[in-house]
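Shown next: entry10.txt, containing compact mmCIF, C-alpha atoms.
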# COMPACT_ATOMS: atom_id res chain seq x y z
CA MET A 1 131.91 149.97 178.77
CA SER A 2 129.88 152.88 180.04
CA GLU A 3 126.33 153.57 179.06
CA GLU A 4 125.67 156.24 176.44
CA LEU A 5 124.26 159.45 177.91
CA HIS A 6 121.83 161.82 176.22
CA ASP A 7 121.43 165.54 176.71
CA VAL A 8 117.77 166.12 177.36
CA ARG A 9 115.92 169.39 177.79
CA LEU A 10 112.79 168.97 179.87
CA THR A 11 110.20 171.68 180.42
CA VAL A 12 108.65 171.13 183.83
CA ASN A 13 106.20 173.47 185.52
CA GLY A 14 107.18 176.21 183.09
CA ALA A 15 110.93 175.97 183.75
CA SER A 16 113.46 174.53 181.35
CA HIS A 17 115.98 171.98 182.66
CA GLU A 18 119.01 170.38 181.01
CA ILE A 19 119.87 166.90 182.18
CA ARG A 20 122.29 164.24 181.00
CA VAL A 21 120.78 160.78 181.36
CA PRO A 22 120.90 157.28 179.92
CA ALA A 23 118.07 156.45 177.52
CA ARG A 24 116.55 154.06 180.04
CA ARG A 25 115.96 156.84 182.62
CA LEU A 26 112.22 156.79 183.27
CA LEU A 27 110.57 160.19 183.28
CA SER A 28 109.48 159.52 186.88
CA ASP A 29 113.11 158.98 187.91
CA ALA A 30 114.32 161.97 185.91
CA LEU A 31 111.83 164.17 187.76
CA ARG A 32 112.72 162.79 191.18
CA HIS A 33 116.45 162.09 190.91
CA ASP A 34 117.72 164.50 188.32
CA LEU A 35 115.39 167.45 188.91
CA ARG A 36 114.77 166.75 192.61
CA LEU A 37 111.05 167.21 192.12
CA THR A 38 110.11 164.52 194.60
CA GLY A 39 106.43 165.35 194.63
CA THR A 40 105.89 162.79 191.88
CA HIS A 41 105.70 159.45 193.67
CA VAL A 42 106.65 156.06 192.29
CA GLY A 43 104.51 153.11 193.32
CA CYS A 44 104.22 150.10 191.07
CA GLU A 45 106.51 151.28 188.27
CA HIS A 46 104.49 149.49 185.63
CA GLY A 47 101.60 151.83 185.01
CA VAL A 48 98.98 150.31 187.27
CA CYS A 49 98.88 152.40 190.45
CA GLY A 50 98.80 155.93 189.03
CA ALA A 51 100.93 157.52 191.77
CA CYS A 52 103.43 158.89 189.21
CA THR A 53 100.78 160.51 186.99
CA VAL A 54 101.93 163.87 185.62
CA LEU A 55 100.42 166.15 183.01
CA VAL A 56 102.09 166.02 179.59
CA ASP A 57 100.86 168.95 177.52
CA GLY A 58 97.99 169.06 179.98
CA GLU A 59 96.98 165.40 179.64
CA PRO A 60 97.51 162.90 182.47
CA MET A 61 100.14 160.30 181.65
CA ARG A 62 102.17 157.81 183.66
CA ALA A 63 105.68 159.18 184.22
CA CYS A 64 106.89 155.61 184.84
CA LEU A 65 105.79 154.59 181.34
CA MET A 66 107.74 157.30 179.54
CA PHE A 67 111.46 157.77 179.08
CA ALA A 68 112.95 161.17 179.81
CA VAL A 69 114.60 161.15 176.35
CA SER A 70 111.13 160.79 174.84
CA ALA A 71 109.62 163.61 176.91
CA VAL A 72 111.39 166.43 175.07
CA ASP A 73 109.07 168.70 173.09
CA HIS A 74 106.44 168.46 175.83
CA GLU A 75 105.27 170.71 178.67
CA ILE A 76 105.26 168.65 181.84
CA THR A 77 103.32 169.60 184.94
CA THR A 78 103.98 167.83 188.22
CA VAL A 79 102.13 168.18 191.52
CA GLU A 80 104.56 170.98 192.43
CA GLY A 81 103.19 172.93 189.48
CA LEU A 82 99.57 172.79 190.64
CA THR A 83 99.98 175.22 193.52
CA HIS A 84 99.29 178.87 192.70
CA ALA A 85 102.24 181.23 192.27
CA ASP A 86 101.60 182.76 195.72
CA GLY A 87 101.87 179.33 197.32
CA SER A 88 98.14 178.95 197.93
CA LEU A 89 96.51 175.63 197.15
CA SER A 90 94.71 174.92 193.89
CA PRO A 91 90.99 174.07 194.16
CA VAL A 92 91.77 170.35 193.88
CA GLN A 93 94.44 170.51 196.59
CA GLN A 94 92.17 172.62 198.80
CA ALA A 95 89.35 170.12 198.36
CA PHE A 96 91.60 167.19 199.35
CA ALA A 97 92.55 169.04 202.54
CA GLU A 98 88.92 169.89 203.36
CA CYS A 99 87.48 166.45 202.59
CA HIS A 100 90.22 164.34 204.19
CA GLY A 101 91.00 163.01 200.72
CA LEU A 102 94.33 161.61 201.86
CA GLN A 103 95.81 159.72 204.75
CA CYS A 104 99.39 158.62 204.06
CA GLY A 105 99.52 160.83 200.97
CA PHE A 106 101.57 158.48 198.83
CA CYS A 107 99.04 158.22 196.01
CA THR A 108 97.90 161.84 196.32
CA PRO A 109 100.13 163.51 193.69
CA GLY A 110 98.77 161.21 191.00
CA PHE A 111 95.19 161.88 192.07
CA LEU A 112 95.76 165.64 192.12
CA THR A 113 97.18 165.78 188.60
CA THR A 114 94.54 163.41 187.21
CA ILE A 115 91.65 165.32 188.79
CA THR A 116 93.09 168.71 187.77
CA ALA A 117 92.95 167.65 184.11
CA GLY A 118 89.63 165.85 184.61
CA LEU A 119 87.87 168.91 186.02
CA ARG A 120 89.37 171.13 183.33
CA ASP A 121 87.71 168.90 180.71
CA ASN A 122 84.53 168.33 182.72
CA PRO A 123 84.11 171.09 185.35
CA GLN A 124 80.74 169.80 186.64
CA PRO A 125 81.02 166.00 186.80
CA THR A 126 78.15 163.83 187.95
CA HIS A 127 78.83 161.50 190.87
CA GLU A 128 79.46 158.65 188.42
CA GLU A 129 81.78 160.81 186.32
CA ALA A 130 83.67 161.84 189.45
CA ARG A 131 84.20 158.17 190.30
CA ASP A 132 85.21 157.35 186.74
CA MET A 133 87.70 160.22 186.72
CA ILE A 134 89.79 158.51 189.41
CA ALA A 135 89.27 154.92 188.24
CA GLY A 136 92.88 154.64 187.06
CA ASN A 137 94.44 155.59 190.40
CA LEU A 138 94.89 153.34 193.41
CA CYS A 139 94.66 154.44 197.05
CA ARG A 140 95.20 151.93 199.86
CA CYS A 141 94.13 154.17 202.80
CA THR A 142 91.00 156.13 202.18
CA GLY A 143 88.58 153.70 200.60
CA TYR A 144 88.06 156.38 197.91
CA GLN A 145 84.87 157.83 199.42
CA ASN A 146 86.59 161.00 200.56
CA ILE A 147 88.51 161.28 197.32
CA VAL A 148 85.23 161.22 195.38
CA LYS A 149 83.93 163.88 197.79
CA ALA A 150 87.09 165.89 197.12
CA VAL A 151 86.49 165.72 193.35
CA GLU A 152 82.99 167.07 193.87
CA ARG A 153 84.19 169.73 196.34
CA ALA A 154 86.93 170.78 193.94
CA ALA A 155 84.30 171.21 191.23
CA GLU A 156 82.38 173.51 193.59
CA LEU A 157 85.50 175.49 194.47
CA GLY A 158 86.36 175.79 190.80
CA SER A 159 82.92 177.06 189.91
CA GLU A 160 82.99 179.55 192.83
CA ALA A 161 86.37 180.80 191.63
CA ARG A 162 85.06 181.24 188.10
CA THR A 163 81.98 183.08 189.38
CA SER A 164 84.05 185.47 191.50
CA THR A 165 86.50 186.24 188.70
CA THR A 166 83.64 187.06 186.35
CA GLY A 167 82.03 189.26 189.01
CA GLY A 168 79.07 186.93 189.30
CA ALA A 169 77.99 187.62 185.75
CA SER A 170 76.45 184.60 184.10
CA MET B 171 112.16 147.63 188.16
CA LYS B 172 114.45 149.52 185.80
CA PRO B 173 114.95 148.60 182.15
CA ALA B 174 118.25 147.11 181.07
CA PRO B 175 120.46 149.49 179.07
CA PHE B 176 119.57 150.00 175.41
CA ASP B 177 120.67 152.21 172.56
CA TYR B 178 118.22 154.91 171.64
CA ARG B 179 117.44 156.44 168.28
CA ARG B 180 114.86 159.09 167.48
CA PRO B 181 114.50 159.20 163.69
CA GLY B 182 112.73 162.08 161.95
CA SER B 183 111.29 160.05 159.08
CA ILE B 184 109.96 156.57 158.35
CA ALA B 185 112.77 155.99 155.84
CA GLU B 186 115.34 156.76 158.53
CA ALA B 187 113.55 154.50 161.01
CA VAL B 188 113.51 151.63 158.52
CA GLN B 189 117.22 152.11 157.85
CA ILE B 190 118.02 152.02 161.57
CA LEU B 191 115.91 148.89 162.07
CA ALA B 192 117.70 147.18 159.18
CA GLY B 193 121.02 147.67 160.97
CA GLU B 194 119.91 146.27 164.36
CA PRO B 195 117.99 142.98 164.37
CA ASN B 196 117.33 143.25 168.11
CA ALA B 197 115.58 146.63 168.05
CA LYS B 198 112.04 147.48 169.18
CA VAL B 199 109.90 150.35 167.96
CA LEU B 200 108.72 152.74 170.70
CA ALA B 201 105.44 154.54 170.04
CA GLY B 202 103.20 155.01 173.11
CA GLY B 203 105.19 152.50 175.15
CA GLN B 204 102.30 151.67 177.47
CA SER B 205 102.80 147.92 176.95
CA LEU B 206 106.49 147.99 176.00
CA VAL B 207 107.83 150.02 178.93
CA PRO B 208 106.38 147.70 181.61
CA LEU B 209 107.93 144.73 179.75
CA LEU B 210 111.28 146.54 179.77
CA SER B 211 111.00 147.57 183.41
CA MET B 212 110.16 144.02 184.47
CA ARG B 213 112.99 142.86 182.20
CA LEU B 214 110.70 140.50 180.34
CA ALA B 215 112.16 142.17 177.25
CA ALA B 216 115.66 143.57 176.79
CA PRO B 217 116.09 144.83 173.23
CA ALA B 218 119.48 146.21 172.22
CA MET B 219 117.88 149.34 170.83
CA LEU B 220 114.68 151.36 170.95
CA VAL B 221 113.66 153.26 167.84
CA ASP B 222 111.43 156.06 169.09
CA ILE B 223 109.03 157.08 166.31
CA ASN B 224 107.41 159.93 168.27
CA ALA B 225 109.33 162.59 166.36
CA ILE B 226 108.20 161.41 162.92
CA PRO B 227 105.73 163.98 161.56
CA GLY B 228 102.37 163.04 160.09
CA LEU B 229 102.01 159.64 161.73
CA ASP B 230 99.19 160.71 164.04
CA ALA B 231 96.61 161.19 161.27
CA ILE B 232 93.09 159.78 161.48
CA GLU B 233 91.57 159.83 157.99
CA VAL B 234 88.34 158.65 156.44
CA GLU B 235 89.04 156.77 153.22
CA ASP B 236 86.90 154.91 150.74
CA GLY B 237 85.36 152.06 152.65
CA GLY B 238 86.81 152.76 156.07
CA VAL B 239 89.01 154.76 158.36
CA ARG B 240 92.81 154.81 158.48
CA ILE B 241 94.58 155.39 161.78
CA GLY B 242 98.22 156.49 161.86
CA ALA B 243 100.85 154.81 163.99
CA LEU B 244 101.09 157.73 166.42
CA ALA B 245 97.35 158.34 166.86
CA ARG B 246 96.74 157.92 170.59
CA HIS B 247 93.84 155.77 171.77
CA ALA B 248 92.29 158.90 173.30
CA ALA B 249 92.33 160.74 169.96
CA VAL B 250 90.82 157.77 168.12
CA LEU B 251 88.16 157.36 170.81
CA ALA B 252 87.26 161.06 170.57
CA SER B 253 87.14 161.16 166.76
CA PRO B 254 83.62 161.76 165.38
CA ASP B 255 84.80 160.40 162.00
CA VAL B 256 85.85 157.09 163.49
CA ARG B 257 82.58 156.83 165.46
CA ARG B 258 80.52 157.50 162.34
CA VAL B 259 82.43 155.20 159.98
CA GLN B 260 83.07 152.26 162.31
CA PRO B 261 81.35 152.51 165.71
CA LEU B 262 82.88 149.24 166.94
CA VAL B 263 86.26 150.98 167.25
CA PRO B 264 85.20 153.46 169.96
CA MET B 265 82.98 150.82 171.62
CA ALA B 266 86.06 148.67 172.17
CA LEU B 267 88.48 151.53 172.87
CA ALA B 268 86.42 152.57 175.87
CA HIS B 269 87.58 149.27 177.44
CA VAL B 270 91.28 149.73 176.64
CA ALA B 271 93.00 150.32 179.99
CA HIS B 272 92.29 153.63 181.75
CA ALA B 273 92.00 157.12 180.29
CA THR B 274 95.51 158.01 181.46
CA ILE B 275 97.00 155.06 179.56
CA ARG B 276 94.88 155.90 176.49
CA ASN B 277 96.38 159.41 176.48
CA ARG B 278 99.78 157.95 175.59
CA GLY B 279 99.15 154.50 174.15
CA THR B 280 98.59 154.16 170.41
CA THR B 281 95.96 152.05 168.67
CA VAL B 282 98.39 150.78 166.04
CA GLY B 283 100.93 149.94 168.74
CA SER B 284 98.30 147.86 170.50
CA LEU B 285 97.53 146.05 167.23
CA ILE B 286 101.20 145.19 166.66
CA HIS B 287 101.82 144.24 170.28
CA ALA B 288 99.46 141.36 169.42
CA ASP B 289 98.27 140.63 172.93
CA ALA B 290 95.41 138.12 172.76
CA ALA B 291 94.00 139.79 175.88
CA ALA B 292 93.78 143.17 174.14
CA GLU B 293 90.66 144.62 172.57
CA MET B 294 91.87 146.17 169.33
CA PRO B 295 93.45 143.11 167.67
CA VAL B 296 90.08 141.36 167.99
CA VAL B 297 88.27 144.34 166.48
CA LEU B 298 90.67 144.48 163.52
CA SER B 299 90.34 140.71 163.00
CA LEU B 300 86.55 140.72 163.22
CA LEU B 301 86.21 143.60 160.78
CA GLY B 302 88.76 142.18 158.34
CA GLY B 303 90.99 145.22 158.60
CA SER B 304 94.68 145.49 157.80
CA VAL B 305 97.93 147.11 158.81
CA ASP B 306 100.28 148.93 156.42
CA VAL B 307 103.97 148.41 157.12
CA ASP B 308 107.05 150.01 155.67
CA GLY B 309 110.31 148.14 155.21
CA PRO B 310 113.47 147.96 153.13
CA SER B 311 111.52 146.54 150.19
CA GLY B 312 108.80 149.17 150.39
CA ARG B 313 105.30 149.27 151.75
CA ARG B 314 103.01 146.27 152.09
CA THR B 315 99.57 145.64 153.51
CA ILE B 316 99.11 142.82 156.00
CA PRO B 317 95.48 141.66 156.36
CA ALA B 318 94.43 141.00 159.96
CA SER B 319 93.98 137.33 159.10
CA GLU B 320 97.75 137.08 158.45
CA LEU B 321 98.89 139.45 161.21
CA TYR B 322 98.60 137.34 164.34
CA VAL B 323 100.82 134.28 164.42
CA GLY B 324 101.18 133.57 168.16
CA PRO B 325 101.07 135.02 171.66
CA LEU B 326 102.47 138.57 171.49
CA GLU B 327 103.74 137.75 168.01
CA SER B 328 102.82 139.51 164.78
CA SER B 329 103.97 138.69 161.28
CA LEU B 330 105.94 141.96 160.94
CA HIS B 331 109.59 141.45 160.04
CA HIS B 332 112.17 142.93 162.40
CA ASP B 333 113.06 145.63 159.88
CA GLU B 334 109.47 146.67 159.22
CA ILE B 335 107.52 149.39 160.91
CA ALA B 336 103.73 149.69 161.10
CA VAL B 337 102.65 153.05 159.72
CA SER B 338 98.86 152.78 159.85
CA ALA B 339 95.88 150.51 160.37
CA PHE B 340 92.74 150.37 158.27
CA PHE B 341 89.38 149.60 159.86
CA PRO B 342 86.64 148.87 157.27
CA ALA B 343 83.45 150.90 157.55
CA LEU B 344 80.29 149.41 158.98
CA ALA B 345 77.99 148.44 156.10
CA PRO B 346 74.53 150.03 156.01
CA GLY B 347 72.10 147.91 158.02
CA ALA B 348 74.87 146.06 159.86
CA GLY B 349 75.27 146.14 163.61
CA VAL B 350 78.15 145.84 166.08
CA ALA B 351 78.57 145.38 169.81
CA PHE B 352 81.36 144.90 172.33
CA GLN B 353 81.31 143.52 175.85
CA GLU B 354 83.89 142.23 178.23
CA LEU B 355 84.16 141.06 181.78
CA ALA B 356 87.10 142.26 183.85
CA ARG B 357 87.63 142.18 187.60
CA ARG B 358 87.81 145.96 187.56
CA HIS B 359 86.99 148.31 184.70
CA GLY B 360 90.22 149.02 182.82
CA ASP B 361 91.86 145.73 183.78
CA TYR B 362 92.60 143.07 181.22
CA ALA B 363 89.40 141.23 180.41
CA LEU B 364 88.85 137.67 181.64
CA VAL B 365 86.89 137.28 178.40
CA GLY B 366 85.72 139.84 175.88
CA ALA B 367 83.58 139.51 172.78
CA ALA B 368 82.86 141.71 169.77
CA ALA B 369 80.00 140.96 167.37
CA LEU B 370 79.39 141.92 163.75
CA VAL B 371 75.91 141.18 162.41
CA GLU B 372 75.22 141.84 158.75
CA GLY B 373 72.02 140.37 157.32
CA GLU B 374 72.27 136.61 157.85
CA SER B 375 75.97 136.77 158.66
CA VAL B 376 76.89 136.63 162.36
CA GLU B 377 80.53 136.74 163.46
CA VAL B 378 81.96 137.08 166.94
CA GLY B 379 85.58 137.80 167.90
CA TYR B 380 87.02 136.84 171.28
CA LEU B 381 89.82 138.18 173.43
CA SER B 382 91.49 136.41 176.35
CA VAL B 383 90.14 133.05 175.20
CA SER B 384 92.94 131.77 172.93
CA ASP B 385 96.60 132.60 172.23
CA VAL B 386 95.61 134.84 169.36
CA PRO B 387 92.53 136.94 168.60
CA THR B 388 89.92 134.47 167.42
CA VAL B 389 86.90 135.09 165.18
CA VAL B 390 84.11 132.55 164.97
CA ASP B 391 81.41 132.40 162.27
CA LEU B 392 78.02 131.86 163.87
CA SER B 393 75.84 132.51 160.82
CA GLY B 394 72.68 130.43 160.78
CA VAL B 395 72.99 129.32 164.42
CA ASP B 396 69.81 129.50 166.52
CA ASP B 397 70.01 132.20 169.18
CA ALA B 398 69.68 129.67 171.96
CA ASP B 399 72.70 127.71 170.68
CA LEU B 400 75.09 130.61 170.03
CA GLY B 401 77.27 130.05 173.09
CA GLU B 402 77.69 126.32 172.56
CA ALA B 403 78.33 126.80 168.84
CA ALA B 404 81.07 129.31 169.65
CA LEU B 405 82.62 126.99 172.24
CA ALA B 406 82.75 124.17 169.70
CA GLN B 407 85.29 126.31 167.82
CA LEU B 408 87.22 127.62 170.85
CA GLU B 409 89.46 126.11 173.48
CA PRO B 410 89.41 128.36 176.53
CA ALA B 411 92.56 127.99 178.64
CA ASP B 412 93.32 128.12 182.37
CA ASP B 413 95.54 130.79 183.85
CA ILE B 414 95.91 132.56 187.20
CA HIS B 415 93.03 134.90 186.35
CA ALA B 416 90.34 132.36 185.50
CA THR B 417 89.77 128.65 184.99
CA ALA B 418 88.97 127.25 181.56
CA ALA B 419 85.51 126.29 182.81
CA TYR B 420 84.79 129.84 183.95
CA ARG B 421 86.04 131.24 180.64
CA ALA B 422 83.76 128.80 178.80
CA GLN B 423 80.83 130.03 180.88
CA LEU B 424 81.72 133.63 180.02
CA VAL B 425 81.85 132.72 176.33
CA ARG B 426 78.35 131.19 176.63
CA VAL B 427 76.95 134.29 178.31
CA LEU B 428 78.79 137.01 176.37
CA THR B 429 78.21 135.48 172.93
CA GLY B 430 74.43 135.67 173.16
CA LYS B 431 74.62 139.14 174.68
CA VAL B 432 76.86 140.70 172.02
CA VAL B 433 74.94 139.16 169.14
CA ARG B 434 71.65 140.42 170.57
CA SER B 435 73.14 143.80 171.26
CA ALA B 436 74.60 144.06 167.72
CA ARG B 437 71.16 143.27 166.26
CA GLU B 438 69.57 145.92 168.46
CA TRP B 439 72.20 148.42 167.36
CA ALA B 440 71.41 147.66 163.70
CA ASP B 441 67.66 148.02 164.30
CA GLN B 442 68.01 151.32 166.17
CA HIS B 443 70.24 152.84 163.52
CA ALA B 444 68.09 151.56 160.67
CA GLU B 445 65.10 153.37 162.26
CA GLY B 446 67.19 156.50 162.74
CA ALA B 447 68.06 156.53 159.05
CA ARG B 448 64.46 156.42 157.86
Using structure tokens, write down the structure from this file.
Amino acid sequence: MSEELHDVRLTVNGASHEIRVPARRLLSDALRHDLRLTGTHVGCEHGVCGACTVLVDGEPMRACLMFAVSAVDHEITTVEGLTHADGSLSPVQQAFAECHGLQCGFCTPGFLTTITAGLRDNPQPTHEEARDMIAGNLCRCTGYQNIVKAVERAAELGSEARTSTTGGAS
Amino acid sequence: MKPAPFDYRRPGSIAEAVQILAGEPNAKVLAGGQSLVPLLSMRLAAPAMLVDINAIPGLDAIEVEDGGVRIGALARHAAVLASPDVRRVQPLVPMALAHVAHATIRNRGTTVGSLIHADAAAEMPVVLSLLGGSVDVDGPSGRRTIPASELYVGPLESSLHHDEIAVSAFFPALAPGAGVAFQELARRHGDYALVGAAALVEGESVEVGYLSVSDVPTVVDLSGVDDADLGEAALAQLEPADDIHATAAYRAQLVRVLTGKVVRSAREWADQHAEGAR
């Protein structure tokens, strides 16, 4: 007896995709296996590590704790969708590169998505708020210090970008 | 770490959901899924069917009613935590929600789902029990209200029937002059608490609810107990258990320490807000 398949339309990084998957297909697996968007990493697969964090309608959520069939009607943004259209890095990505915010890079996609939403909601976090922003993501290489620095650097880059686009007017 | 196969239904109304549940005794309701999906992935649960209620309109409402606030089955923890109405009517709800997992989990997880999941290590079942709240459920024979005192029957077990679906929870308002407080100790912020305590102080009445101490959320009446004896008086009514996270003796010590702290803190809260009202 074969498993029932469902036609699912996912909107990921602005593009619409049709996939045919069993109901138990995790969103994380749908992204990686069905859509070949392998930027979303899968660590613990039970919601603890944060590596698979994607943005669902702009809010960070664990892709391993959602089913693809349940992700219809939502706009999903993965790490691939953070880069600017011209291929240049977003402020958060740029800050990770500058601050050595990654070593092996496995956890990085989840940090980048989480911080992107975090700085959108709170563009000028205090040091404590910067630490709190990443409290739900695990990194086994960096010891977090450089990731916290990257959050703060990304906030600076974001505010510089806003200043330059408004011509310095305040 | 992949769930076992299951049938999937995505009803568009509560009536349809109830009908589907009636036809499949081994079905589970999927709301936020932040507790359910890990159980499925680890194959600790393998229901024949998931009934996904995320497409049912109107279930995400957060409404102030006479005497309290009603939270719909699809209201995410994050929305409840951010609601000024909830904070004004019953401040204990956001106090405790700030300790529910991490922000990312709160973006998807639902408060009502957490109540029905009935984990004795979770914050919100204790809050509902302490406040004397209730859950409204819909089933084949119509809607009924289950008071918190009749909701929790065992570890991860609520008194909902298999063909019933929780549609909302009601948290009573904080009475004028009353005070509340919440504290917990976890190895890391956002982890399950080793022990947590919520206090409600109203005139001479002092009640404290505990998570991660017993199999079910437990509320203890400490009215009339001297401040110095609060911890021991609470322990006389509790039986902390051993597990891999903490010994019973350590849990007992946490009960001693946290009980005094939350009661004091609830009194301070009442005093501060009484002054603010004058």
Against chain A, which residues of chain B fall within 10 Å? For each one I want the closest pair of atoms and the distance in Å (one decimal), counting all atoms listed in the file, rows by chain and increasing residue number, as JSON lines.
{"residue": "B:Met171", "atom": "CA", "partner": "A:Glu45", "partner_atom": "CA", "distance": 6.7}
{"residue": "B:Lys172", "atom": "CA", "partner": "A:Arg24", "partner_atom": "CA", "distance": 7.6}
{"residue": "B:Pro173", "atom": "CA", "partner": "A:Arg24", "partner_atom": "CA", "distance": 6.1}
{"residue": "B:Ala174", "atom": "CA", "partner": "A:Arg24", "partner_atom": "CA", "distance": 7.2}
{"residue": "B:Pro175", "atom": "CA", "partner": "A:Arg24", "partner_atom": "CA", "distance": 6.1}
{"residue": "B:Phe176", "atom": "CA", "partner": "A:Arg24", "partner_atom": "CA", "distance": 6.9}
{"residue": "B:Asp177", "atom": "CA", "partner": "A:Ala23", "partner_atom": "CA", "distance": 7.0}
{"residue": "B:Tyr178", "atom": "CA", "partner": "A:Ala23", "partner_atom": "CA", "distance": 6.1}
{"residue": "B:Arg179", "atom": "CA", "partner": "A:Ala23", "partner_atom": "CA", "distance": 9.3}
{"residue": "B:Arg180", "atom": "CA", "partner": "A:Ser70", "partner_atom": "CA", "distance": 8.4}
{"residue": "B:Leu200", "atom": "CA", "partner": "A:Ser70", "partner_atom": "CA", "distance": 9.4}
{"residue": "B:Ala201", "atom": "CA", "partner": "A:Ser70", "partner_atom": "CA", "distance": 9.7}
{"residue": "B:Gly202", "atom": "CA", "partner": "A:Met66", "partner_atom": "CA", "distance": 8.2}
{"residue": "B:Gly203", "atom": "CA", "partner": "A:Leu65", "partner_atom": "CA", "distance": 6.6}
{"residue": "B:Gln204", "atom": "CA", "partner": "A:Leu65", "partner_atom": "CA", "distance": 6.0}
{"residue": "B:Ser205", "atom": "CA", "partner": "A:Leu65", "partner_atom": "CA", "distance": 8.5}
{"residue": "B:Leu206", "atom": "CA", "partner": "A:Leu65", "partner_atom": "CA", "distance": 8.5}
{"residue": "B:Val207", "atom": "CA", "partner": "A:Leu65", "partner_atom": "CA", "distance": 5.6}
{"residue": "B:Pro208", "atom": "CA", "partner": "A:His46", "partner_atom": "CA", "distance": 4.8}
{"residue": "B:Leu209", "atom": "CA", "partner": "A:His46", "partner_atom": "CA", "distance": 8.3}
{"residue": "B:Leu210", "atom": "CA", "partner": "A:Arg24", "partner_atom": "CA", "distance": 9.2}
{"residue": "B:Ser211", "atom": "CA", "partner": "A:His46", "partner_atom": "CA", "distance": 7.1}
{"residue": "B:Met212", "atom": "CA", "partner": "A:His46", "partner_atom": "CA", "distance": 8.0}
{"residue": "B:Met219", "atom": "CA", "partner": "A:Ala23", "partner_atom": "CA", "distance": 9.8}
{"residue": "B:Leu220", "atom": "CA", "partner": "A:Ala23", "partner_atom": "CA", "distance": 9.0}
{"residue": "B:Asp222", "atom": "CA", "partner": "A:Ser70", "partner_atom": "CA", "distance": 7.5}
{"residue": "B:Ile223", "atom": "CA", "partner": "A:Ser70", "partner_atom": "CA", "distance": 9.5}
{"residue": "B:Asn224", "atom": "CA", "partner": "A:Ser70", "partner_atom": "CA", "distance": 7.6}
{"residue": "B:Ala225", "atom": "CA", "partner": "A:Ser70", "partner_atom": "CA", "distance": 8.9}
{"residue": "B:Ala271", "atom": "CA", "partner": "A:Gly136", "partner_atom": "CA", "distance": 8.3}
{"residue": "B:His272", "atom": "CA", "partner": "A:Gly136", "partner_atom": "CA", "distance": 5.4}
{"residue": "B:Ala273", "atom": "CA", "partner": "A:Gly136", "partner_atom": "CA", "distance": 7.3}
{"residue": "B:Thr274", "atom": "CA", "partner": "A:Met61", "partner_atom": "CA", "distance": 5.2}
{"residue": "B:Ile275", "atom": "CA", "partner": "A:Met61", "partner_atom": "CA", "distance": 6.5}
{"residue": "B:Arg276", "atom": "CA", "partner": "A:Met61", "partner_atom": "CA", "distance": 8.6}
{"residue": "B:Asn277", "atom": "CA", "partner": "A:Met61", "partner_atom": "CA", "distance": 6.5}
{"residue": "B:Arg278", "atom": "CA", "partner": "A:Met61", "partner_atom": "CA", "distance": 6.5}
{"residue": "B:Gly279", "atom": "CA", "partner": "A:Met61", "partner_atom": "CA", "distance": 9.5}
{"residue": "B:Arg358", "atom": "CA", "partner": "A:Ala135", "partner_atom": "CA", "distance": 9.1}
{"residue": "B:His359", "atom": "CA", "partner": "A:Ala135", "partner_atom": "CA", "distance": 7.8}
{"residue": "B:Gly360", "atom": "CA", "partner": "A:Gly136", "partner_atom": "CA", "distance": 7.5}
{"residue": "B:Asp361", "atom": "CA", "partner": "A:Val48", "partner_atom": "CA", "distance": 9.2}
Residues near range 398-408 of chain B, cut-off 12 Å, only C-alpha atoms, skip fewer than 3 positions along chain, as a compact mmCIF listing (two decimals) with C-alpha atoms, in the frame of the given file:
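Once everything was written out, this is out35.txt:
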# COMPACT_ATOMS: atom_id res chain seq x y z
CA ALA B 367 83.58 139.51 172.78
CA ALA B 369 80.00 140.96 167.37
CA VAL B 376 76.89 136.63 162.36
CA GLU B 377 80.53 136.74 163.46
CA VAL B 378 81.96 137.08 166.94
CA GLY B 379 85.58 137.80 167.90
CA TYR B 380 87.02 136.84 171.28
CA LEU B 381 89.82 138.18 173.43
CA SER B 382 91.49 136.41 176.35
CA VAL B 383 90.14 133.05 175.20
CA SER B 384 92.94 131.77 172.93
CA ASP B 385 96.60 132.60 172.23
CA VAL B 386 95.61 134.84 169.36
CA PRO B 387 92.53 136.94 168.60
CA THR B 388 89.92 134.47 167.42
CA VAL B 389 86.90 135.09 165.18
CA VAL B 390 84.11 132.55 164.97
CA ASP B 391 81.41 132.40 162.27
CA LEU B 392 78.02 131.86 163.87
CA SER B 393 75.84 132.51 160.82
CA GLY B 394 72.68 130.43 160.78
CA VAL B 395 72.99 129.32 164.42
CA ALA B 411 92.56 127.99 178.64
CA ALA B 418 88.97 127.25 181.56
CA ALA B 419 85.51 126.29 182.81
CA ARG B 421 86.04 131.24 180.64
CA ALA B 422 83.76 128.80 178.80
CA GLN B 423 80.83 130.03 180.88
CA LEU B 424 81.72 133.63 180.02
CA VAL B 425 81.85 132.72 176.33
CA ARG B 426 78.35 131.19 176.63
CA VAL B 427 76.95 134.29 178.31
CA LEU B 428 78.79 137.01 176.37
CA THR B 429 78.21 135.48 172.93
CA GLY B 430 74.43 135.67 173.16
CA LYS B 431 74.62 139.14 174.68
CA VAL B 432 76.86 140.70 172.02
CA VAL B 433 74.94 139.16 169.14
CA ARG B 434 71.65 140.42 170.57
Once you count only C-alpha atoms, which residues end up no further than 8 Å from (96.1, 162.0, 163.4) in the file's frame, shown as a list in words?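 Residues with an atom close enough to that point: Gly228, Leu229, Asp230, Ala231, Ile232, Glu233, Ile241, Gly242, Leu244, Ala245 and Ala249 of chain B.
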Rounded to one decimal place, report the CA of Leu89 in chain A-CA of Arg9 in chain A distance in Å.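 Here the two named atoms are 28.1 Å from each other.
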